[in-house]
$ cat coords.cif   # mmCIF, C-alpha atoms
data_model
#
loop_
_atom_site.label_atom_id
_atom_site.label_comp_id
_atom_site.auth_asym_id
_atom_site.auth_seq_id
_atom_site.Cartn_x
_atom_site.Cartn_y
_atom_site.Cartn_z
CA MET A 1 3.86 -16.66 12.14
CA ILE A 2 6.47 -14.11 13.25
CA TRP A 3 7.97 -11.83 10.60
CA GLY A 4 11.20 -9.89 10.54
CA VAL A 5 11.25 -6.73 8.42
CA LEU A 6 14.73 -5.55 7.45
CA GLN A 7 15.62 -1.93 7.99
CA PHE A 8 18.54 -0.34 6.13
CA PRO A 9 19.61 3.28 6.39
CA GLY A 10 17.38 4.75 3.68
CA SER A 11 14.56 2.20 3.90
CA CYS A 12 11.20 3.97 3.87
CA ASP A 13 8.45 1.33 3.58
CA GLU A 14 9.45 -0.83 6.54
CA ARG A 15 6.68 0.50 8.83
CA ASP A 16 3.97 -0.32 6.30
CA ALA A 17 5.52 -3.76 5.80
CA LEU A 18 5.56 -4.29 9.57
CA ASN A 19 1.90 -3.27 9.72
CA ALA A 20 1.01 -5.61 6.84
CA CYS A 21 2.78 -8.54 8.56
CA GLN A 22 0.94 -7.83 11.81
CA ILE A 23 -2.47 -7.61 10.14
CA ALA A 24 -1.81 -10.74 8.07
CA SER A 25 -0.76 -12.67 11.17
CA GLY A 26 -3.89 -11.74 13.07
CA GLY A 27 -2.81 -8.40 14.50
CA GLY A 28 -0.60 -7.33 17.35
CA PRO A 29 3.01 -6.22 17.61
CA GLY A 30 4.21 -9.71 18.66
CA HIS A 31 3.85 -10.91 15.07
CA ALA A 32 6.57 -8.81 13.47
CA ARG A 33 9.68 -6.86 14.37
CA LEU A 34 12.22 -4.70 12.58
CA VAL A 35 15.65 -6.21 11.88
CA TRP A 36 18.43 -3.59 11.74
CA HIS A 37 20.83 -4.04 8.80
CA GLU A 38 23.73 -4.96 11.10
CA GLU A 39 21.82 -7.79 12.79
CA THR A 40 22.65 -11.36 11.83
CA ASP A 41 20.52 -13.33 14.29
CA LEU A 42 17.19 -14.20 12.68
CA SER A 43 16.30 -16.94 15.17
CA GLY A 44 12.64 -17.00 16.15
CA LEU A 45 11.54 -15.48 12.83
CA ASP A 46 9.37 -17.46 10.40
CA GLY A 47 9.43 -15.06 7.47
CA ILE A 48 11.48 -12.08 6.25
CA VAL A 49 10.48 -8.95 4.34
CA VAL A 50 13.13 -6.88 2.57
CA PRO A 51 11.19 -3.61 2.25
CA GLY A 52 11.11 -0.74 -0.19
CA GLY A 53 13.03 2.50 -0.01
CA PHE A 54 16.52 3.60 -0.96
CA SER A 55 18.89 1.36 1.00
CA TYR A 56 22.19 3.13 1.74
CA GLY A 57 20.92 5.87 -0.57
CA ASP A 58 21.09 3.49 -3.57
CA TYR A 59 24.14 5.56 -4.54
CA LEU A 60 25.96 2.95 -6.62
CA ARG A 61 23.08 0.96 -8.13
CA ALA A 62 19.68 0.30 -6.57
CA GLY A 63 20.11 -2.40 -3.92
CA ALA A 64 23.80 -3.07 -4.63
CA ILE A 65 25.30 -2.08 -1.29
CA ALA A 66 22.43 -3.50 0.77
CA GLY A 67 22.97 -6.85 -0.96
CA LEU A 68 26.33 -7.10 0.83
CA SER A 69 25.04 -6.11 4.30
CA PRO A 70 25.38 -8.40 7.35
CA ALA A 71 21.61 -8.85 7.59
CA MET A 72 21.42 -9.99 3.97
CA THR A 73 24.07 -12.65 4.58
CA ALA A 74 21.79 -13.99 7.32
CA VAL A 75 18.77 -13.73 4.99
CA ALA A 76 20.62 -15.78 2.36
CA GLU A 77 21.12 -18.57 4.92
CA PHE A 78 17.49 -18.26 6.02
CA ALA A 79 16.37 -18.58 2.38
CA ALA A 80 18.67 -21.55 1.75
CA GLU A 81 16.90 -23.38 4.58
CA GLY A 82 13.57 -22.76 2.87
CA GLY A 83 12.44 -19.76 4.92
CA PRO A 84 10.01 -17.45 3.10
CA VAL A 85 11.59 -14.17 1.98
CA LEU A 86 9.59 -11.35 0.37
CA GLY A 87 11.41 -8.48 -1.34
CA ILE A 88 9.31 -5.47 -2.27
CA CYS A 89 10.54 -2.75 -4.68
CA ASN A 90 14.02 -1.86 -3.36
CA GLY A 91 13.86 -5.24 -1.58
CA PHE A 92 13.39 -6.93 -4.99
CA GLN A 93 16.42 -5.00 -6.29
CA VAL A 94 18.43 -6.12 -3.25
CA LEU A 95 17.46 -9.79 -3.78
CA CYS A 96 18.54 -9.60 -7.44
CA GLU A 97 21.78 -7.81 -6.59
CA CYS A 98 22.77 -10.41 -3.99
CA GLY A 99 21.91 -13.32 -6.29
CA LEU A 100 18.93 -14.75 -4.37
CA LEU A 101 16.81 -13.97 -7.44
CA PRO A 102 17.82 -14.02 -11.12
CA GLY A 103 17.83 -10.93 -13.31
CA ALA A 104 18.25 -7.23 -12.67
CA LEU A 105 16.11 -4.10 -12.39
CA LEU A 106 16.97 -1.14 -14.60
CA THR A 107 15.80 2.45 -14.69
CA ASN A 108 12.24 2.70 -16.03
CA GLU A 109 12.09 2.94 -19.81
CA ARG A 110 10.88 6.55 -19.59
CA THR A 111 13.13 7.38 -16.58
CA ARG A 112 10.15 8.77 -14.64
CA PHE A 113 9.21 7.85 -11.10
CA ILE A 114 5.86 6.05 -11.26
CA CYS A 115 3.29 6.31 -8.45
CA ARG A 116 -0.20 5.00 -9.11
CA GLN A 117 -2.59 2.15 -8.40
CA GLY A 118 -2.34 -0.69 -10.93
CA THR A 119 -3.36 -4.23 -11.68
CA LEU A 120 -1.24 -7.37 -11.52
CA VAL A 121 -2.07 -10.82 -12.87
CA VAL A 122 -1.04 -13.78 -10.73
CA GLY A 123 1.33 -16.18 -12.51
CA GLU A 124 1.57 -19.97 -12.62
CA SER A 125 4.00 -20.22 -9.70
CA ASP A 126 3.60 -22.60 -6.76
CA SER A 127 5.35 -20.19 -4.37
CA PRO A 128 3.99 -20.27 -0.81
CA PHE A 129 3.40 -16.51 -1.16
CA LEU A 130 0.75 -17.31 -3.80
CA ALA A 131 -1.02 -19.98 -1.70
CA GLY A 132 -4.08 -17.75 -1.30
CA LEU A 133 -4.19 -16.62 -4.93
CA GLU A 134 -5.24 -18.34 -8.17
CA PRO A 135 -3.26 -18.21 -11.42
CA GLY A 136 -4.84 -15.58 -13.66
CA GLN A 137 -6.41 -13.74 -10.71
CA GLU A 138 -6.07 -9.93 -10.81
CA ILE A 139 -5.02 -7.89 -7.79
CA SER A 140 -4.94 -4.11 -7.39
CA ILE A 141 -1.90 -2.67 -5.59
CA PRO A 142 0.24 0.48 -5.91
CA PHE A 143 3.09 0.78 -8.43
CA LYS A 144 5.75 3.11 -6.99
CA HIS A 145 9.28 3.02 -8.35
CA GLN A 146 11.87 4.50 -10.69
CA SER A 147 14.07 1.45 -11.34
CA GLY A 148 11.62 -1.36 -11.96
CA ARG A 149 12.40 -2.48 -15.51
CA PHE A 150 12.97 -6.21 -15.13
CA PHE A 151 15.74 -7.54 -17.34
CA ALA A 152 17.35 -10.94 -17.79
CA PRO A 153 19.48 -12.17 -20.70
CA PRO A 154 17.48 -14.38 -23.14
CA GLU A 155 18.59 -17.76 -21.74
CA MET A 156 17.95 -16.73 -18.15
CA LEU A 157 14.55 -15.29 -19.08
CA GLU A 158 13.62 -18.54 -20.80
CA GLU A 159 14.56 -20.49 -17.65
CA ILE A 160 12.53 -18.15 -15.42
CA GLU A 161 9.51 -18.64 -17.68
CA SER A 162 9.84 -22.40 -18.18
CA ARG A 163 10.37 -23.13 -14.49
CA GLY A 164 7.23 -21.25 -13.49
CA GLN A 165 9.13 -18.54 -11.62
CA VAL A 166 6.98 -15.63 -12.84
CA ALA A 167 4.78 -14.79 -9.85
CA PHE A 168 3.17 -11.60 -11.17
CA ARG A 169 2.83 -9.78 -14.49
CA TYR A 170 1.53 -6.30 -15.12
CA ALA A 171 -2.02 -6.56 -16.51
CA PRO A 172 -2.20 -6.20 -20.31
CA GLY A 173 -1.42 -2.62 -21.31
CA GLN A 174 -0.23 -1.65 -17.83
CA ASN A 175 3.50 -2.43 -18.02
CA PRO A 176 4.74 0.88 -16.55
CA ASN A 177 8.48 0.51 -17.01
CA GLY A 178 9.43 -1.66 -20.00
CA SER A 179 9.91 -4.89 -18.02
CA LEU A 180 10.56 -7.91 -20.25
CA ASN A 181 7.47 -10.14 -20.67
CA ASP A 182 5.51 -7.69 -18.46
CA ILE A 183 7.22 -9.26 -15.42
CA ALA A 184 6.36 -7.53 -12.13
CA GLY A 185 7.56 -10.23 -9.74
CA ILE A 186 9.51 -13.48 -9.76
CA THR A 187 10.48 -16.24 -7.36
CA ASN A 188 13.62 -18.30 -6.96
CA GLU A 189 13.55 -21.85 -8.30
CA ALA A 190 12.32 -23.25 -4.95
CA GLY A 191 9.57 -20.62 -4.74
CA ASN A 192 10.31 -19.52 -1.16
CA VAL A 193 11.92 -16.23 -2.24
CA LEU A 194 9.61 -13.74 -3.97
CA GLY A 195 10.53 -10.30 -5.27
CA LEU A 196 8.11 -7.84 -6.81
CA MET A 197 8.25 -4.15 -7.73
CA PRO A 198 4.67 -3.11 -6.80
CA HIS A 199 3.71 -2.64 -3.16
CA PRO A 200 1.36 -5.14 -1.48
CA GLU A 201 2.18 -3.61 1.94
CA HIS A 202 0.40 -0.39 0.89
CA ALA A 203 -2.81 -2.33 0.13
CA VAL A 204 -3.77 -4.05 3.36
CA GLU A 205 -6.39 -1.72 4.87
CA ALA A 206 -9.71 -0.53 3.44
CA PHE A 207 -8.86 3.19 3.70
CA SER A 208 -6.17 2.81 1.02
CA GLY A 209 -8.72 1.58 -1.51
CA SER A 210 -7.60 -2.05 -1.76
CA THR A 211 -6.72 -4.88 0.60
CA ASP A 212 -5.47 -7.16 -2.19
CA GLY A 213 -1.91 -7.05 -0.85
CA LEU A 214 -2.82 -9.02 2.27
CA ALA A 215 -3.07 -12.34 0.40
CA ILE A 216 0.68 -12.24 -0.31
CA PHE A 217 1.55 -11.79 3.38
CA ARG A 218 -0.92 -14.52 4.36
CA GLY A 219 0.41 -16.98 1.79
CA PRO A 220 3.31 -18.57 3.72
CA ALA A 221 1.19 -19.30 6.82
CA LEU A 222 -1.49 -20.74 4.56
CA ALA A 223 1.11 -22.92 2.83
CA GLY A 224 2.63 -23.92 6.19
CA ALA A 225 5.98 -22.66 4.98
CA GLY A 226 7.33 -21.11 8.20
CA ALA A 227 11.06 -21.72 8.55
CA MET B 1 50.20 1.96 -4.31
CA ILE B 2 48.45 2.19 -7.65
CA LYS B 3 45.66 4.34 -8.96
CA ALA B 4 42.87 2.84 -11.01
CA ARG B 5 40.13 4.20 -13.21
CA ILE B 6 37.21 1.86 -13.80
CA LEU B 7 34.82 2.56 -16.64
CA ILE B 8 31.39 0.99 -16.20
CA ARG B 9 28.75 1.14 -18.90
CA PRO B 10 25.47 -0.50 -19.88
CA LYS B 11 25.93 -3.63 -21.99
CA GLU B 12 25.30 -3.35 -25.72
CA GLY B 13 21.71 -4.11 -26.57
CA ILE B 14 20.28 -3.01 -23.23
CA LEU B 15 18.13 0.11 -23.45
CA ASP B 16 20.06 2.83 -21.64
CA ALA B 17 17.24 5.03 -20.33
CA GLN B 18 19.63 7.72 -19.06
CA GLY B 19 21.49 7.90 -22.38
CA LYS B 20 18.16 8.04 -24.20
CA ALA B 21 16.98 10.93 -22.03
CA VAL B 22 20.16 12.89 -22.80
CA GLU B 23 19.83 12.08 -26.51
CA ASN B 24 16.23 13.28 -26.55
CA ALA B 25 17.29 16.65 -25.15
CA LEU B 26 19.92 17.28 -27.84
CA PRO B 27 17.80 18.63 -30.75
CA ALA B 28 16.29 21.35 -28.55
CA LEU B 29 19.82 22.48 -27.71
CA GLY B 30 20.89 22.55 -31.35
CA PHE B 31 22.98 19.34 -31.35
CA GLU B 32 20.98 17.68 -34.16
CA GLU B 33 24.04 15.86 -35.54
CA ILE B 34 24.74 13.95 -32.32
CA GLY B 35 23.09 10.65 -31.42
CA HIS B 36 23.51 7.15 -29.94
CA VAL B 37 24.30 8.55 -26.50
CA ARG B 38 25.12 6.07 -23.76
CA VAL B 39 25.77 7.07 -20.17
CA GLY B 40 28.00 5.07 -17.84
CA ARG B 41 30.11 5.99 -14.86
CA ILE B 42 33.76 6.19 -13.86
CA VAL B 43 35.08 5.04 -10.50
CA GLU B 44 38.55 6.27 -9.54
CA LEU B 45 40.31 4.66 -6.62
CA GLU B 46 43.65 3.85 -5.04
CA ALA B 47 44.72 0.33 -4.09
CA GLU B 48 47.78 -1.42 -2.73
CA SER B 49 47.78 -3.68 -5.77
CA PRO B 50 45.55 -4.33 -8.78
CA ASP B 51 44.99 -7.95 -7.72
CA ARG B 52 41.50 -7.67 -6.33
CA LEU B 53 40.05 -4.98 -8.58
CA GLU B 54 38.29 -7.44 -10.87
CA ASP B 55 36.74 -9.14 -7.84
CA LEU B 56 35.59 -5.73 -6.60
CA CYS B 57 33.99 -4.98 -9.97
CA GLU B 58 32.20 -8.33 -10.12
CA LYS B 59 30.93 -8.11 -6.55
CA LEU B 60 30.08 -4.46 -6.16
CA LEU B 61 31.08 -1.80 -8.66
CA ALA B 62 29.37 -3.34 -11.68
CA ASN B 63 26.46 -5.72 -12.18
CA PRO B 64 27.93 -8.08 -14.81
CA LEU B 65 24.45 -9.05 -15.97
CA ILE B 66 23.73 -5.56 -17.28
CA GLU B 67 27.07 -3.72 -17.30
CA ASP B 68 30.53 -4.07 -18.84
CA TYR B 69 33.57 -2.70 -17.09
CA GLU B 70 37.16 -1.85 -18.01
CA ILE B 71 39.94 -1.40 -15.48
CA GLU B 72 42.82 0.99 -16.20
CA THR B 73 45.66 1.15 -13.70
CA PHE B 74 48.38 3.78 -13.22
CA ALA B 75 51.49 3.76 -11.05
CA GLY B 76 50.66 5.72 -7.89
#

$ encode --input "coords.cif" --output "structure tokens"
Amino acid sequence: MIWGVLQFPGSCDERDALNACQIASGGGPGHARLVWHEETDLSGLDGIVVPGGFSYGDYLRAGAIAGLSPAMTAVAEFAAEGGPVLGICNGFQVLCECGLLPGALLTNERTRFICRQGTLVVGESDSPFLAGLEPGQEISIPFKHQSGRFFAPPEMLEEIESRGQVAFRYAPGQNPNGSLNDIAGITNEAGNVLGLMPHPEHAVEAFSGSTDGLAIFRGPALAGAGA
Amino acid sequence: MIKARILIRPKEGILDAQGKAVENALPALGFEEIGHVRVGRIVELEAESPDRLEDLCEKLLANPLIEDYEIETFAG
């Protein structure tokens, strides 16, 4: 499986995402490459990561300007064809802003930047990204964001819940930002697009204290979901 | 040419964390009688016509899911 990791001016987690993709695919630089924000040719790629950071400085609203970038137009086509797309942190905000995922991410309830290890509970979603995880399973990965409060109007939230689009929730008592229903990550209706605020790409090697993030990057290959 | 001023603010009912932070600072500064603070933003711009301003707001300047916007236009 060959991954493309988007890189916007202001991205900062793209190298860790690249590393995670390479490790998950069996190692080696041939398994992942960076995709500059002006690129529109995603041919030869089997999966896309929209990484964390502060795309275009996040000056208007987190992820708003990146959502309109040339690369994201190509990612929308890639996703429409069923290609797996993973948005992490700012990448999740970008996916919501450009309409690939429902809902929006607001400034944390207490306005503080959060940076600590935390626990997520896997949801009842049949997304290919969750192919190596069981519903109810707990994973330990870093929480690191300032605008991670998931919000959707009541009807939209009800749809997200009833269609099994909640991929991850913060473990009981660990909701760090005021997200509705403790939602940490959701998928689109088809399941091939996943966005989450916490950072699986920072939990793929033993030195960082947890390798629980790897399962998410391994999921699409396991599910045979390459585009 | 026209000038426009676009007022964007958090929708009613959505916790406005920035407004809340400002509100929480008020008593320490002696503004005990002031409350219910909400913080939005103003975008000022010039355009050849007002025709596409709403489109601009929907697509970029505001997120209609969480924000309301009002467009005011002035003769340039």

$ residues_around --input "coords.cif" --residues "region 170-182 of chain A" --least-positions-apart "2" --cutoff "10 Å" --atoms "all atoms listed in the file" --output "PyMOL selection string"
(chain A and resi 105-116+118-122+136+138-140+143-154+157+161+166+168+184-185+198) or (chain B and resi 15)

$ interface_residues --input "coords.cif" --of "chain B" --to "chain A" --cutoff "12 Å" --atoms "only C-alpha atoms" --output "PyMOL selection string"
chain B and resi 8+10-22+24+40-43+56-67

$ atom_distance --input "coords.cif" --atom1 "CA of Glu39 (chain A)" --atom2 "CA of Val94 (chain A)"
16.5 Å

$ residues_around --input "coords.cif" --residues "Ser43 (chain A)" --least-positions-apart "6" --cutoff "12 Å" --atoms "only C-alpha atoms" --output "compact mmCIF listing (two decimals) with C-alpha atoms, in the frame of the given file"
# COMPACT_ATOMS: atom_id res chain seq x y z
CA ILE A 2 6.47 -14.11 13.25
CA TRP A 3 7.97 -11.83 10.60
CA GLY A 4 11.20 -9.89 10.54
CA VAL A 35 15.65 -6.21 11.88
CA ALA A 74 21.79 -13.99 7.32
CA VAL A 75 18.77 -13.73 4.99
CA GLU A 77 21.12 -18.57 4.92
CA PHE A 78 17.49 -18.26 6.02
CA GLY A 83 12.44 -19.76 4.92
CA ALA A 227 11.06 -21.72 8.55

$ atom_distance --input "coords.cif" --atom1 "CA of Gly164 (chain A)" --atom2 "CA of Leu196 (chain A)"
15.0 Å

$ resolve_selection --input "coords.cif" --expression "the PyMOL selection byres ((chain A and resi 24-29) around 9)" --output "MDAnalysis selection string"
chainID A and resid 1:3 18:23 30:33 204 214:218 221

$ write_last_selection --input "coords.cif" --atoms "C-alpha atoms" --output "CSV table (one decimal), in the coordinates of the input"
chain,number,residue,atom,x,y,z
A,1,MET,CA,3.9,-16.7,12.1
A,2,ILE,CA,6.5,-14.1,13.2
A,3,TRP,CA,8.0,-11.8,10.6
A,18,LEU,CA,5.6,-4.3,9.6
A,19,ASN,CA,1.9,-3.3,9.7
A,20,ALA,CA,1.0,-5.6,6.8
A,21,CYS,CA,2.8,-8.5,8.6
A,22,GLN,CA,0.9,-7.8,11.8
A,23,ILE,CA,-2.5,-7.6,10.1
A,30,GLY,CA,4.2,-9.7,18.7
A,31,HIS,CA,3.8,-10.9,15.1
A,32,ALA,CA,6.6,-8.8,13.5
A,33,ARG,CA,9.7,-6.9,14.4
A,204,VAL,CA,-3.8,-4.0,3.4
A,214,LEU,CA,-2.8,-9.0,2.3
A,215,ALA,CA,-3.1,-12.3,0.4
A,216,ILE,CA,0.7,-12.2,-0.3
A,217,PHE,CA,1.6,-11.8,3.4
A,218,ARG,CA,-0.9,-14.5,4.4
A,221,ALA,CA,1.2,-19.3,6.8

$ atom_distance --input "coords.cif" --atom1 "CA of Pro200 (chain A)" --atom2 "CA of Ala17 (chain A)"
8.5 Å

$ resolve_selection --input "coords.cif" --expression "the PyMOL selection byres ((chain B and resi 53) around 12)" --output "mmCIF file with C-alpha atoms, keeping the file's coordinate frame"
data_model
loop_
_atom_site.group_PDB
_atom_site.id
_atom_site.type_symbol
_atom_site.label_atom_id
_atom_site.label_comp_id
_atom_site.auth_asym_id
_atom_site.auth_seq_id
_atom_site.Cartn_x
_atom_site.Cartn_y
_atom_site.Cartn_z
ATOM 1 C CA ILE B 2 48.450 2.190 -7.650
ATOM 2 C CA LYS B 3 45.660 4.340 -8.960
ATOM 3 C CA ALA B 4 42.870 2.840 -11.010
ATOM 4 C CA ARG B 5 40.130 4.200 -13.210
ATOM 5 C CA ILE B 6 37.210 1.860 -13.800
ATOM 6 C CA VAL B 43 35.080 5.040 -10.500
ATOM 7 C CA GLU B 44 38.550 6.270 -9.540
ATOM 8 C CA LEU B 45 40.310 4.660 -6.620
ATOM 9 C CA GLU B 46 43.650 3.850 -5.040
ATOM 10 C CA ALA B 47 44.720 0.330 -4.090
ATOM 11 C CA GLU B 48 47.780 -1.420 -2.730
ATOM 12 C CA SER B 49 47.780 -3.680 -5.770
ATOM 13 C CA PRO B 50 45.550 -4.330 -8.780
ATOM 14 C CA ASP B 51 44.990 -7.950 -7.720
ATOM 15 C CA ARG B 52 41.500 -7.670 -6.330
ATOM 16 C CA GLU B 54 38.290 -7.440 -10.870
ATOM 17 C CA ASP B 55 36.740 -9.140 -7.840
ATOM 18 C CA LEU B 56 35.590 -5.730 -6.600
ATOM 19 C CA CYS B 57 33.990 -4.980 -9.970
ATOM 20 C CA GLU B 58 32.200 -8.330 -10.120
ATOM 21 C CA LYS B 59 30.930 -8.110 -6.550
ATOM 22 C CA LEU B 60 30.080 -4.460 -6.160
ATOM 23 C CA LEU B 61 31.080 -1.800 -8.660
ATOM 24 C CA ALA B 62 29.370 -3.340 -11.680
ATOM 25 C CA TYR B 69 33.570 -2.700 -17.090
ATOM 26 C CA GLU B 70 37.160 -1.850 -18.010
ATOM 27 C CA ILE B 71 39.940 -1.400 -15.480
ATOM 28 C CA GLU B 72 42.820 0.990 -16.200
ATOM 29 C CA THR B 73 45.660 1.150 -13.700
#

$ closest_residue --input "coords.cif" --among "A:Leu34, A:Leu222, A:Leu101, A:Leu133" --to "Leu194 (chain A)" --atoms "all atoms listed in the file"
A:Leu101

$ closest_residue --input "coords.cif" --among "A:Glu81, A:Glu14, A:Asp212, A:Asp126" --to "Pro51 (chain A)" --atoms "only C-alpha atoms"
A:Glu14

$ closest_residue --input "coords.cif" --among "A:Leu86, A:Ala79, A:Ala62, A:Ala167" --to "Gly123 (chain A)" --atoms "all atoms listed in the file"
A:Ala167
